[in-house]
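Shown next: start.txt, given as compact mmCIF, C-alpha atoms.
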# COMPACT_ATOMS: atom_id res chain seq x y z
CA MET J 204 -68.30 -39.71 -15.19
CA LEU J 205 -69.62 -36.15 -15.41
CA ARG J 206 -73.26 -35.65 -16.33
CA GLY J 207 -74.14 -32.90 -18.78
CA ALA J 208 -77.07 -31.41 -20.70
CA ILE J 209 -77.21 -29.66 -24.04
CA ILE J 210 -79.36 -26.54 -24.21
CA GLY J 211 -80.57 -25.85 -27.75
CA LEU J 212 -80.65 -28.40 -30.57
CA GLY J 213 -80.02 -26.29 -33.64
CA ASN J 214 -77.37 -26.75 -36.31
CA VAL J 215 -74.28 -26.23 -34.18
CA ALA J 216 -75.54 -28.61 -31.48
CA VAL J 217 -76.64 -31.41 -33.80
CA ASN J 218 -73.73 -31.19 -36.25
CA GLY J 219 -70.94 -29.99 -33.99
CA HIS J 220 -71.49 -30.62 -30.29
CA LEU J 221 -73.42 -33.90 -30.21
CA PRO J 222 -70.85 -35.72 -32.38
CA GLY J 223 -68.16 -34.28 -30.11
CA TRP J 224 -69.73 -35.73 -26.96
CA GLU J 225 -70.35 -39.16 -28.45
CA GLY J 226 -67.83 -41.65 -27.13
CA CYS J 227 -66.39 -39.25 -24.54
CA GLU J 228 -64.96 -41.29 -21.65
CA GLN J 229 -65.11 -38.48 -19.07
CA ALA J 230 -68.64 -37.14 -19.58
CA GLN J 231 -72.00 -38.04 -21.05
CA ILE J 232 -75.02 -36.05 -22.17
CA VAL J 233 -77.95 -37.21 -20.05
CA ALA J 234 -80.49 -34.50 -20.95
CA ALA J 235 -81.32 -31.88 -23.55
CA ALA J 236 -83.70 -28.96 -23.89
CA ASP J 237 -85.28 -27.24 -26.86
CA ALA J 238 -88.76 -25.76 -26.99
CA ILE J 239 -89.18 -26.77 -30.64
CA GLU J 240 -90.57 -30.27 -30.16
CA PRO J 241 -89.68 -31.60 -33.65
CA ARG J 242 -86.05 -30.98 -32.75
CA LEU J 243 -86.44 -33.14 -29.66
CA VAL J 244 -88.00 -35.89 -31.77
CA GLU J 245 -85.11 -35.73 -34.22
CA ALA J 246 -82.56 -35.76 -31.38
CA ARG J 247 -84.04 -38.91 -29.84
CA GLY J 248 -82.07 -41.13 -32.21
CA ARG J 249 -78.81 -39.43 -31.22
CA LEU J 250 -79.64 -39.33 -27.51
CA PRO J 251 -81.64 -42.54 -26.88
CA LYS J 252 -81.04 -42.54 -23.10
CA ALA J 253 -81.26 -38.80 -22.49
CA ARG J 254 -84.29 -37.09 -20.97
CA LEU J 255 -85.67 -34.33 -23.15
CA TYR J 256 -87.31 -31.09 -22.07
CA THR J 257 -89.04 -28.15 -23.69
CA GLU J 258 -88.00 -25.72 -20.93
CA VAL J 259 -84.54 -25.01 -19.54
CA GLU J 260 -85.76 -24.35 -16.01
CA ALA J 261 -87.62 -27.69 -15.90
CA LEU J 262 -84.47 -29.50 -17.00
CA LEU J 263 -82.29 -27.78 -14.40
CA ALA J 264 -84.84 -28.42 -11.65
CA SER J 265 -85.15 -32.14 -12.47
CA GLU J 266 -81.69 -33.31 -13.48
CA PRO J 267 -78.66 -33.95 -11.23
CA LEU J 268 -76.02 -32.41 -13.49
CA ASP J 269 -72.39 -31.37 -13.42
CA PHE J 270 -72.44 -29.08 -16.46
CA ILE J 271 -74.48 -27.67 -19.32
CA ASP J 272 -73.47 -27.02 -22.92
CA ILE J 273 -75.25 -23.92 -24.30
CA CYS J 274 -76.00 -23.93 -28.04
CA THR J 275 -78.80 -21.34 -28.19
CA PRO J 276 -78.63 -17.94 -29.96
CA PRO J 277 -76.29 -15.40 -28.30
CA GLY J 278 -79.06 -13.21 -26.92
CA THR J 279 -79.99 -16.02 -24.52
CA HIS J 280 -76.48 -16.89 -23.32
CA ALA J 281 -76.24 -14.54 -20.34
CA SER J 282 -79.53 -15.56 -18.71
CA ILE J 283 -79.01 -19.31 -19.17
CA THR J 284 -75.37 -19.09 -18.03
CA HIS J 285 -76.35 -17.09 -14.95
CA LEU J 286 -79.10 -19.56 -14.07
CA ALA J 287 -76.80 -22.57 -14.41
CA LEU J 288 -73.96 -21.03 -12.40
CA GLN J 289 -76.40 -20.12 -9.63
CA ARG J 290 -77.32 -23.81 -9.49
CA GLY J 291 -73.67 -24.77 -9.10
CA LEU J 292 -73.09 -26.12 -12.61
CA HIS J 293 -70.08 -25.73 -14.87
CA VAL J 294 -70.94 -24.01 -18.16
CA LEU J 295 -69.65 -24.54 -21.68
CA CYS J 296 -71.09 -21.90 -23.99
CA GLU J 297 -71.02 -21.26 -27.72
CA LYS J 298 -69.49 -17.97 -28.85
CA PRO J 299 -70.08 -15.15 -28.25
CA LEU J 300 -70.22 -15.76 -24.52
CA VAL J 301 -72.40 -12.69 -23.93
CA LEU J 302 -73.32 -9.52 -25.82
CA SER J 303 -72.32 -6.65 -23.53
CA PRO J 304 -70.06 -5.63 -20.65
CA ASP J 305 -73.12 -5.57 -18.37
CA GLU J 306 -73.92 -9.19 -19.23
CA LEU J 307 -70.25 -10.06 -18.75
CA ARG J 308 -70.27 -8.60 -15.25
CA LEU J 309 -73.43 -10.59 -14.46
CA VAL J 310 -72.00 -13.96 -15.47
CA ARG J 311 -68.52 -13.31 -14.10
CA ARG J 312 -69.97 -12.44 -10.71
CA ALA J 313 -72.00 -15.65 -10.78
CA GLN J 314 -68.90 -17.60 -11.80
CA VAL J 315 -66.86 -16.24 -8.90
CA GLU J 316 -69.66 -16.88 -6.41
CA SER J 317 -70.19 -20.45 -7.64
CA GLY J 318 -66.54 -21.37 -8.11
CA ARG J 319 -67.51 -23.23 -11.27
CA VAL J 320 -65.87 -23.19 -14.72
CA LEU J 321 -67.27 -20.84 -17.37
CA HIS J 322 -65.76 -21.76 -20.73
CA THR J 323 -66.48 -20.41 -24.22
CA VAL J 324 -66.22 -22.49 -27.40
CA HIS J 325 -63.14 -21.12 -29.19
CA ASN J 326 -63.08 -23.94 -31.71
CA TRP J 327 -61.13 -22.21 -34.48
CA LEU J 328 -58.02 -22.39 -32.30
CA TYR J 329 -58.09 -26.12 -33.07
CA ALA J 330 -58.40 -25.88 -36.84
CA PRO J 331 -55.27 -27.69 -38.06
CA ILE J 332 -54.09 -24.73 -40.15
CA ILE J 333 -54.56 -22.31 -37.24
CA LYS J 334 -52.76 -24.70 -34.87
CA LYS J 335 -49.86 -24.89 -37.31
CA ALA J 336 -49.65 -21.10 -37.60
CA THR J 337 -49.78 -20.81 -33.80
CA ASP J 338 -46.96 -23.32 -33.39
CA LEU J 339 -44.78 -21.50 -35.94
CA ILE J 340 -45.37 -18.16 -34.21
CA LEU J 341 -44.63 -19.53 -30.74
CA GLU J 342 -41.50 -21.26 -32.06
CA GLY J 343 -40.23 -17.85 -33.20
CA GLN J 344 -40.13 -18.82 -36.88
CA ILE J 345 -41.08 -15.29 -38.00
CA GLY J 346 -39.63 -13.41 -35.04
CA THR J 347 -41.73 -10.86 -33.19
CA VAL J 348 -45.13 -10.39 -34.82
CA ARG J 349 -45.69 -6.80 -35.95
CA HIS J 350 -48.80 -6.97 -38.15
CA ILE J 351 -51.72 -9.32 -38.70
CA SER J 352 -54.26 -9.10 -41.51
CA TRP J 353 -57.38 -11.28 -41.14
CA GLN J 354 -60.08 -11.56 -43.81
CA VAL J 355 -63.37 -13.49 -43.93
CA LEU J 356 -65.46 -13.50 -47.10
CA ARG J 357 -68.99 -14.91 -47.14
CA ARG J 358 -71.89 -14.49 -49.54
CA GLU J 359 -74.45 -14.64 -46.72
CA PRO J 360 -74.76 -15.53 -43.03
CA SER J 361 -74.98 -19.16 -42.01
CA ILE J 362 -78.52 -20.51 -42.02
CA SER J 363 -80.13 -21.05 -38.64
CA VAL J 364 -82.56 -23.88 -38.01
CA GLY J 365 -85.93 -22.85 -36.64
CA PRO J 366 -86.15 -19.06 -36.56
CA VAL J 367 -86.92 -17.20 -33.38
CA LEU J 368 -90.43 -15.95 -34.01
CA SER J 369 -91.36 -12.36 -33.26
CA GLY J 370 -92.86 -11.66 -29.87
CA SER J 371 -91.57 -14.78 -28.11
CA THR J 372 -88.28 -16.43 -27.21
CA GLU J 373 -90.01 -19.62 -26.16
CA LEU J 374 -89.21 -21.42 -29.38
CA THR J 375 -85.55 -21.32 -28.52
CA ILE J 376 -85.01 -21.62 -24.79
CA GLY J 377 -88.29 -22.01 -22.98
CA SER J 378 -89.15 -19.86 -20.00
CA VAL J 379 -85.94 -18.24 -18.81
CA GLU J 380 -86.34 -14.78 -17.37
CA GLY J 381 -84.23 -11.91 -18.62
CA CYS J 382 -83.89 -12.98 -22.25
CA PRO J 383 -84.32 -10.23 -24.84
CA GLU J 384 -87.35 -10.08 -27.07
CA PRO J 385 -86.54 -10.71 -30.74
CA SER J 386 -86.77 -7.64 -32.93
CA GLN J 387 -89.37 -7.50 -35.66
CA GLY J 388 -86.75 -6.88 -38.37
CA GLY J 389 -84.62 -9.89 -37.54
CA ALA J 390 -87.57 -12.21 -37.18
CA ALA J 391 -88.91 -11.14 -40.54
CA HIS J 392 -85.75 -12.47 -42.22
CA GLY J 393 -86.17 -15.90 -40.59
CA ASN J 394 -82.58 -16.08 -39.33
CA TRP J 395 -81.59 -15.11 -35.78
CA ARG J 396 -78.20 -13.94 -37.09
CA LEU J 397 -80.04 -10.99 -38.64
CA ASP J 398 -81.90 -10.18 -35.41
CA PRO J 399 -80.01 -7.58 -33.33
CA ALA J 400 -81.68 -8.75 -30.11
CA MET J 401 -80.64 -12.37 -30.61
CA ALA J 402 -77.30 -11.95 -32.43
CA GLY J 403 -76.08 -8.70 -30.88
CA GLY J 404 -75.09 -7.42 -34.31
CA GLY J 405 -74.19 -8.72 -37.74
CA ILE J 406 -70.95 -10.18 -39.01
CA LEU J 407 -68.94 -8.23 -36.44
CA LEU J 408 -70.28 -10.44 -33.66
CA ASP J 409 -70.61 -13.61 -35.74
CA HIS J 410 -67.08 -13.73 -37.16
CA GLY J 411 -65.32 -10.96 -35.25
CA TRP J 412 -65.26 -13.09 -32.11
CA HIS J 413 -63.28 -15.82 -33.92
CA ALA J 414 -60.84 -13.29 -35.34
CA LEU J 415 -60.21 -11.65 -31.98
CA TYR J 416 -59.49 -14.75 -29.90
CA ILE J 417 -57.14 -16.08 -32.58
CA ILE J 418 -55.27 -12.77 -32.79
CA LEU J 419 -55.09 -12.55 -28.99
CA ARG J 420 -53.61 -16.07 -28.95
CA TRP J 421 -51.04 -15.22 -31.60
CA LEU J 422 -49.89 -11.96 -30.02
CA CYS J 423 -50.12 -12.78 -26.30
CA GLN J 424 -50.54 -9.06 -25.62
CA ASP J 425 -53.32 -6.94 -24.20
CA PRO J 426 -54.89 -4.63 -26.80
CA ARG J 427 -54.66 -0.85 -26.35
CA THR J 428 -57.09 0.69 -28.86
CA ILE J 429 -59.71 -0.38 -31.39
CA SER J 430 -61.51 1.30 -34.28
CA ALA J 431 -64.31 -0.02 -36.49
CA THR J 432 -66.56 0.84 -39.40
CA LEU J 433 -69.76 -1.14 -39.98
CA GLU J 434 -71.52 -1.09 -43.34
CA LYS J 435 -74.56 -2.42 -45.17
CA ARG J 436 -72.86 -2.80 -48.55
CA VAL J 437 -75.33 -5.13 -50.25
CA HIS J 438 -78.21 -5.48 -47.80
CA PRO J 439 -79.47 -2.06 -46.69
CA GLU J 440 -82.76 -3.68 -45.65
CA TRP J 441 -81.07 -5.77 -42.97
CA PRO J 442 -81.20 -4.49 -39.37
CA VAL J 443 -77.52 -5.49 -38.91
CA GLU J 444 -74.30 -4.80 -40.82
CA ASP J 445 -73.11 -7.10 -43.58
CA THR J 446 -69.51 -5.79 -43.53
CA ALA J 447 -67.07 -4.79 -40.78
CA THR J 448 -63.61 -3.24 -40.97
CA VAL J 449 -61.72 -3.27 -37.67
CA GLN J 450 -58.25 -2.28 -36.49
CA VAL J 451 -56.83 -3.30 -33.11
CA ASN J 452 -53.62 -1.74 -31.81
CA PHE J 453 -51.36 -3.65 -29.42
CA PRO J 454 -48.17 -2.52 -27.69
CA GLU J 455 -45.95 -4.09 -30.38
CA ALA J 456 -48.32 -4.93 -33.24
CA VAL J 457 -51.36 -3.93 -35.27
CA ALA J 458 -54.19 -6.22 -36.41
CA ASP J 459 -56.46 -5.36 -39.34
CA ILE J 460 -59.70 -7.35 -39.68
CA PHE J 461 -62.09 -7.38 -42.63
CA LEU J 462 -65.34 -9.36 -42.46
CA THR J 463 -68.19 -9.46 -44.94
CA TRP J 464 -71.39 -11.30 -45.80
CA ALA J 465 -71.47 -9.38 -49.10
CA ALA J 466 -68.69 -11.11 -51.05
CA SER J 467 -69.02 -12.80 -54.44
CA SER J 468 -67.11 -15.86 -53.16
CA ARG J 469 -66.39 -17.66 -49.90
CA GLY J 470 -62.93 -17.67 -48.38
CA ASN J 471 -60.62 -17.06 -45.43
CA SER J 472 -57.14 -15.59 -45.49
CA ALA J 473 -54.58 -14.17 -43.10
CA VAL J 474 -51.09 -12.71 -43.21
CA ILE J 475 -48.91 -12.62 -40.08
CA GLU J 476 -45.81 -10.47 -40.52
CA GLY J 477 -42.89 -10.66 -38.13
CA THR J 478 -39.36 -9.31 -37.78
CA ARG J 479 -37.86 -12.44 -39.41
CA GLY J 480 -40.49 -13.48 -41.90
CA ALA J 481 -44.19 -13.97 -42.59
CA ILE J 482 -46.95 -16.58 -42.58
CA ARG J 483 -49.67 -16.50 -45.22
CA ILE J 484 -52.90 -18.49 -44.88
CA GLU J 485 -55.08 -18.95 -47.96
CA ASP J 486 -58.03 -21.08 -46.86
CA GLY J 487 -56.38 -24.52 -46.89
CA THR J 488 -52.78 -23.55 -47.61
CA LEU J 489 -50.16 -22.14 -45.25
CA ILE J 490 -46.95 -20.60 -46.57
CA LEU J 491 -44.03 -19.76 -44.27
CA LYS J 492 -41.30 -17.36 -45.38
CA SER J 493 -38.51 -17.15 -42.83
CA ASP J 494 -34.89 -16.01 -43.15
CA GLY J 495 -35.03 -16.33 -46.94
CA ASP J 496 -36.47 -19.84 -46.97
CA GLU J 497 -40.03 -20.84 -47.96
CA GLN J 498 -42.14 -23.81 -46.89
CA ASP J 499 -45.77 -24.60 -47.51
CA TRP J 500 -48.39 -26.97 -46.09
CA THR J 501 -51.75 -27.96 -47.54
CA PHE J 502 -54.57 -28.95 -45.20
CA GLU J 503 -57.44 -31.28 -46.02
CA GLN J 504 -60.18 -28.97 -44.77
CA PRO J 505 -60.05 -25.28 -45.80
CA LEU J 506 -61.05 -22.78 -43.12
CA SER J 507 -64.06 -21.68 -45.14
CA GLN J 508 -65.43 -25.22 -45.51
CA GLY J 509 -68.33 -25.98 -43.20
CA SER J 510 -69.53 -24.25 -40.04
CA HIS J 511 -69.77 -26.92 -37.33
CA HIS J 512 -66.44 -28.78 -37.17
CA PRO J 513 -67.07 -31.59 -34.66
CA GLU J 514 -63.40 -32.58 -34.80
CA TRP J 515 -62.44 -29.11 -33.57
CA PHE J 516 -65.14 -29.23 -30.89
CA CYS J 517 -63.69 -32.43 -29.44
CA GLN J 518 -60.58 -30.48 -28.48
CA VAL J 519 -62.68 -27.69 -26.98
CA ARG J 520 -64.54 -30.36 -25.00
CA ASP J 521 -61.28 -31.79 -23.67
CA GLU J 522 -60.02 -28.34 -22.69
CA PHE J 523 -63.28 -27.65 -20.84
CA LEU J 524 -63.13 -30.96 -18.98
CA GLN J 525 -59.47 -30.42 -18.13
CA GLU J 526 -60.28 -27.00 -16.70
CA ILE J 527 -62.93 -28.60 -14.48
CA SER J 528 -60.40 -31.10 -13.12
CA ASP J 529 -57.35 -28.80 -13.00
CA THR J 530 -57.92 -25.66 -10.94
CA GLU J 531 -54.60 -24.17 -12.08
CA ARG J 532 -55.99 -23.83 -15.63
CA SER J 533 -59.16 -22.15 -14.44
CA GLY J 534 -59.84 -18.75 -15.94
CA GLU J 535 -57.59 -18.70 -19.01
CA ASN J 536 -60.44 -19.15 -21.46
CA LEU J 537 -62.73 -16.78 -19.56
CA ALA J 538 -60.09 -14.05 -19.60
CA MET J 539 -59.83 -14.32 -23.39
CA ALA J 540 -63.62 -14.30 -23.79
CA SER J 541 -63.81 -11.22 -21.56
CA HIS J 542 -61.34 -9.43 -23.83
CA CYS J 543 -63.52 -10.32 -26.82
CA VAL J 544 -66.66 -8.92 -25.17
CA GLN J 545 -64.95 -5.63 -24.34
CA LEU J 546 -63.32 -5.31 -27.77
CA LEU J 547 -66.55 -5.91 -29.68
CA HIS J 548 -68.43 -3.47 -27.45
CA ARG J 549 -65.81 -0.79 -28.06
CA ALA J 550 -65.81 -1.59 -31.78
CA LYS J 551 -69.52 -0.78 -31.95
CA GLU J 552 -68.91 2.40 -29.97
CA SER J 553 -66.10 3.34 -32.37
CA HIS J 554 -68.41 2.96 -35.34
CA ALA J 555 -70.98 5.17 -33.64
CA ARG J 556 -68.25 7.82 -33.28
CA GLY J 557 -67.23 7.72 -36.94
CA GLY J 558 -64.50 5.09 -36.65
CA GLN J 559 -62.59 6.83 -33.88
CA HIS J 560 -59.81 4.89 -32.13
CA LEU J 561 -61.00 4.06 -28.61
CA SER J 562 -59.03 2.74 -25.68
CA VAL J 563 -59.84 -0.74 -24.37
The structure in this file should be written as structure tokens.
Amino acid sequence: MLRGAIIGLGNVAVNGHLPGWEGCEQAQIVAAADAIEPRLVEARGRLPKARLYTEVEALLASEPLDFIDICTPPGTHASITHLALQRGLHVLCEKPLVLSPDELRLVRRAQVESGRVLHTVHNWLYAPIIKKATDLILEGQIGTVRHISWQVLRREPSISVGPVLSGSTELTIGSVEGCPEPSQGGAAHGNWRLDPAMAGGGILLDHGWHALYIILRWLCQDPRTISATLEKRVHPEWPVEDTATVQVNFPEAVADIFLTWAASSRGNSAVIEGTRGAIRIEDGTLILKSDGDEQDWTFEQPLSQGSHHPEWFCQVRDEFLQEISDTERSGENLAMASHCVQLLHRAKESHARGGQHLSV
């Protein structure tokens, strides 16, 4: 049985990852790290046999591990991933994998040198409604996809547990060199998602990553150009955008993405148009129109309900473990994550150039 450790015990770890590891027959969590000691106390009931640490480096130096599962804020991902890969460990990491092409080069080089698996949590691929849409597309039910519209409406960013305090990253990951210092503006709001140093941006990074890997899965094409406009529609005082409008051009299709934390209601929707029909997703309902016929499916859990989804994580977990055991699968997830890093970087560059279309 593989031995793993969870790094970071915030909301996504406690409500998403830990339930997903419980009862796993191939791996067990034997250690965890979080520099906020009350979190460790709370985790004791869920991890009665695990050893708990306040510093990542102490955990890695003391524990004989096979992998780590990173659940810390994005600004810490590159340094922790790099450290773990250098120690010969497989890495499962929450999205976004890293925040820049430079960080991507750092971790990819470490991955190649170590020969270990580096896998990002792309859990929305396993939402039942997304899986159904994917199956219908791959079956050819709507022909060749020509256009995708993806929309995410939120009233505010998800709440983080235990803010990263200004002037120190120790409350999140302990003493790992190379982690960015939190910005004063983000820390003042008490949510790392509003801290550019920890989040890498606003809703573009938080929800844009999900949108991109789903669209890449649906189209199975490499993108050619991207354009983006970032706005502060309702929250001009925030140091990050609350709204993002993005267009990605592919060889045979176009994807339009709209994301906002400034909506009056919460919801998710998508329209996938093909040469033979279309698929419409409205939160928990999927409607297929193909060759003049119409079918619909209703799903128990709408896309906009909840943020942690342990049942989706279980399938991510299995994919990660399968990649460890099956070398032929190695790299598929990392290639998709690499596309996402490059696309989001170019999206920010596009905004800085007035929404210009940039090659990717």
Residue among J:Glu476, J:Asp499, J:Glu535, J:Asp445 lying closest to Glu522 of chain J, counting all atoms listed in the file: J:Glu535
Nearby residues (only C-alpha atoms) at most 10 Å from Trp515 of chain J, same-chain spacing under 5 positions excluded, as a list in words: Gly219, His220, Gly223, Val324, His325, Asn326, Trp327, Leu328, Tyr329, Ala330, Pro331 and Arg520 of chain J
File of the preceding selection, C-alpha atoms, as a short mmCIF file (atom, residue, chain, number, x, y, z; two decimals), in the coordinates of the input:
data_model
loop_
_atom_site.label_atom_id
_atom_site.label_comp_id
_atom_site.auth_asym_id
_atom_site.auth_seq_id
_atom_site.Cartn_x
_atom_site.Cartn_y
_atom_site.Cartn_z
CA GLY J 219 -70.94 -29.99 -33.99
CA HIS J 220 -71.49 -30.62 -30.29
CA GLY J 223 -68.16 -34.28 -30.11
CA VAL J 324 -66.22 -22.49 -27.40
CA HIS J 325 -63.14 -21.12 -29.19
CA ASN J 326 -63.08 -23.94 -31.71
CA TRP J 327 -61.13 -22.21 -34.48
CA LEU J 328 -58.02 -22.39 -32.30
CA TYR J 329 -58.09 -26.12 -33.07
CA ALA J 330 -58.40 -25.88 -36.84
CA PRO J 331 -55.27 -27.69 -38.06
CA ARG J 520 -64.54 -30.36 -25.00
#
Residue with smallest distance to Ser317 of chain J - pool J:Ala253, J:Leu286, J:Ile210, J:Val355, counting all atoms listed in the file: J:Leu286
Polymer residues at most 10 Å from segment 231-241 of chain J, only C-alpha atoms, same-chain spacing of 3 or more positions, as an NGL selection string: :J and (204-213 or 221 or 224-228 or 244-247 or 250-263 or 265-268 or 270-275 or 365 or 372-378)
Go ahead and save the picked residues with C-alpha atoms, as a PDB file, keeping the file's coordinate frame.
ATOM      1  CA  MET J 204     -68.300 -39.710 -15.190  1.00  0.00           C
ATOM      2  CA  LEU J 205     -69.620 -36.150 -15.410  1.00  0.00           C
ATOM      3  CA  ARG J 206     -73.260 -35.650 -16.330  1.00  0.00           C
ATOM      4  CA  GLY J 207     -74.140 -32.900 -18.780  1.00  0.00           C
ATOM      5  CA  ALA J 208     -77.070 -31.410 -20.700  1.00  0.00           C
ATOM      6  CA  ILE J 209     -77.210 -29.660 -24.040  1.00  0.00           C
ATOM      7  CA  ILE J 210     -79.360 -26.540 -24.210  1.00  0.00           C
ATOM      8  CA  GLY J 211     -80.570 -25.850 -27.750  1.00  0.00           C
ATOM      9  CA  LEU J 212     -80.650 -28.400 -30.570  1.00  0.00           C
ATOM     10  CA  GLY J 213     -80.020 -26.290 -33.640  1.00  0.00           C
ATOM     11  CA  LEU J 221     -73.420 -33.900 -30.210  1.00  0.00           C
ATOM     12  CA  TRP J 224     -69.730 -35.730 -26.960  1.00  0.00           C
ATOM     13  CA  GLU J 225     -70.350 -39.160 -28.450  1.00  0.00           C
ATOM     14  CA  GLY J 226     -67.830 -41.650 -27.130  1.00  0.00           C
ATOM     15  CA  CYS J 227     -66.390 -39.250 -24.540  1.00  0.00           C
ATOM     16  CA  GLU J 228     -64.960 -41.290 -21.650  1.00  0.00           C
ATOM     17  CA  VAL J 244     -88.000 -35.890 -31.770  1.00  0.00           C
ATOM     18  CA  GLU J 245     -85.110 -35.730 -34.220  1.00  0.00           C
ATOM     19  CA  ALA J 246     -82.560 -35.760 -31.380  1.00  0.00           C
ATOM     20  CA  ARG J 247     -84.040 -38.910 -29.840  1.00  0.00           C
ATOM     21  CA  LEU J 250     -79.640 -39.330 -27.510  1.00  0.00           C
ATOM     22  CA  PRO J 251     -81.640 -42.540 -26.880  1.00  0.00           C
ATOM     23  CA  LYS J 252     -81.040 -42.540 -23.100  1.00  0.00           C
ATOM     24  CA  ALA J 253     -81.260 -38.800 -22.490  1.00  0.00           C
ATOM     25  CA  ARG J 254     -84.290 -37.090 -20.970  1.00  0.00           C
ATOM     26  CA  LEU J 255     -85.670 -34.330 -23.150  1.00  0.00           C
ATOM     27  CA  TYR J 256     -87.310 -31.090 -22.070  1.00  0.00           C
ATOM     28  CA  THR J 257     -89.040 -28.150 -23.690  1.00  0.00           C
ATOM     29  CA  GLU J 258     -88.000 -25.720 -20.930  1.00  0.00           C
ATOM     30  CA  VAL J 259     -84.540 -25.010 -19.540  1.00  0.00           C
ATOM     31  CA  GLU J 260     -85.760 -24.350 -16.010  1.00  0.00           C
ATOM     32  CA  ALA J 261     -87.620 -27.690 -15.900  1.00  0.00           C
ATOM     33  CA  LEU J 262     -84.470 -29.500 -17.000  1.00  0.00           C
ATOM     34  CA  LEU J 263     -82.290 -27.780 -14.400  1.00  0.00           C
ATOM     35  CA  SER J 265     -85.150 -32.140 -12.470  1.00  0.00           C
ATOM     36  CA  GLU J 266     -81.690 -33.310 -13.480  1.00  0.00           C
ATOM     37  CA  PRO J 267     -78.660 -33.950 -11.230  1.00  0.00           C
ATOM     38  CA  LEU J 268     -76.020 -32.410 -13.490  1.00  0.00           C
ATOM     39  CA  PHE J 270     -72.440 -29.080 -16.460  1.00  0.00           C
ATOM     40  CA  ILE J 271     -74.480 -27.670 -19.320  1.00  0.00           C
ATOM     41  CA  ASP J 272     -73.470 -27.020 -22.920  1.00  0.00           C
ATOM     42  CA  ILE J 273     -75.250 -23.920 -24.300  1.00  0.00           C
ATOM     43  CA  CYS J 274     -76.000 -23.930 -28.040  1.00  0.00           C
ATOM     44  CA  THR J 275     -78.800 -21.340 -28.190  1.00  0.00           C
ATOM     45  CA  GLY J 365     -85.930 -22.850 -36.640  1.00  0.00           C
ATOM     46  CA  THR J 372     -88.280 -16.430 -27.210  1.00  0.00           C
ATOM     47  CA  GLU J 373     -90.010 -19.620 -26.160  1.00  0.00           C
ATOM     48  CA  LEU J 374     -89.210 -21.420 -29.380  1.00  0.00           C
ATOM     49  CA  THR J 375     -85.550 -21.320 -28.520  1.00  0.00           C
ATOM     50  CA  ILE J 376     -85.010 -21.620 -24.790  1.00  0.00           C
ATOM     51  CA  GLY J 377     -88.290 -22.010 -22.980  1.00  0.00           C
ATOM     52  CA  SER J 378     -89.150 -19.860 -20.000  1.00  0.00           C
TER      53      SER J 378
END
Using only C-alpha atoms: which of J:Gly470, J:Gly480, J:Gly278, J:Pro299 has the shortest distance to Gln545 of chain J: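 Among the listed residues, the smallest separation from Gln545 of chain J belongs to J:Pro299.
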J:Arg349, J:Ala216, J:Pro442, J:Thr428 ranked by distance to Leu243 of chain J, top pick (using only C-alpha atoms):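 Among the listed residues, J:Ala216 lies closest to Leu243 of chain J.
Separating atom CA of Ser361 of chain J from atom CA of His542 of chain J is a distance of 24.7 Å.
Among the candidates J:Cys517, J:Leu415, J:Ile484, J:Ala458, the residue lying nearest to Phe502 of chain J is J:Ile484 (atoms considered: all atoms listed in the file).
Interatomic distance, atom CA of Val217 of chain J against atom CA of Glu514 of chain J: 13.3 Å.
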Nearest to Leu321 of chain J, chosen from J:Val563, J:Leu339, J:Val443, J:Ala281, with all atoms listed in the file counted in the distances: J:Ala281
Atom pair atom CA of Lys492 of chain J / atom CA of Asn471 of chain J: separation (Å): 19.3 Å
Ala447 of chain J surroundings by only C-alpha atoms, 8 Å radius, close-in-sequence under 6 positions cut, as an MDAnalysis selection string: chainID J and resid 406:407 431:434 460:463
Now that the selection is made, can you save its residues with C-alpha atoms as a PDB file, in the coordinates of the input?
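Generated file (again.pdb):
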ATOM      1  CA  ILE J 406     -70.950 -10.180 -39.010  1.00  0.00           C
ATOM      2  CA  LEU J 407     -68.940  -8.230 -36.440  1.00  0.00           C
ATOM      3  CA  ALA J 431     -64.310  -0.020 -36.490  1.00  0.00           C
ATOM      4  CA  THR J 432     -66.560   0.840 -39.400  1.00  0.00           C
ATOM      5  CA  LEU J 433     -69.760  -1.140 -39.980  1.00  0.00           C
ATOM      6  CA  GLU J 434     -71.520  -1.090 -43.340  1.00  0.00           C
ATOM      7  CA  ILE J 460     -59.700  -7.350 -39.680  1.00  0.00           C
ATOM      8  CA  PHE J 461     -62.090  -7.380 -42.630  1.00  0.00           C
ATOM      9  CA  LEU J 462     -65.340  -9.360 -42.460  1.00  0.00           C
ATOM     10  CA  THR J 463     -68.190  -9.460 -44.940  1.00  0.00           C
TER      11      THR J 463
END
Within 12 Å of segment 308-311 of chain J using all atoms listed in the file, minus same-chain residues under 2 positions, as a VMD selection string: chain J and resid 280 to 289 293 to 294 296 300 to 306 313 to 322 381 534 537 to 538 540 to 541 544 to 545
Residue contacts of Trp464 of chain J (9 Å, all atoms listed in the file) excluding same-chain residues fewer than 2 positions away, as a count of residues only: 14
Per-axis box centre and lengths in Å around segment 214-229 of chain J, 4 Å margin per side, axis-aligned, as AutoDock Vina command-line options:
--center_x -71.2 --center_y -33.9 --center_z -27.7 --size_x 20.4 --size_y 23.4 --size_z 25.2
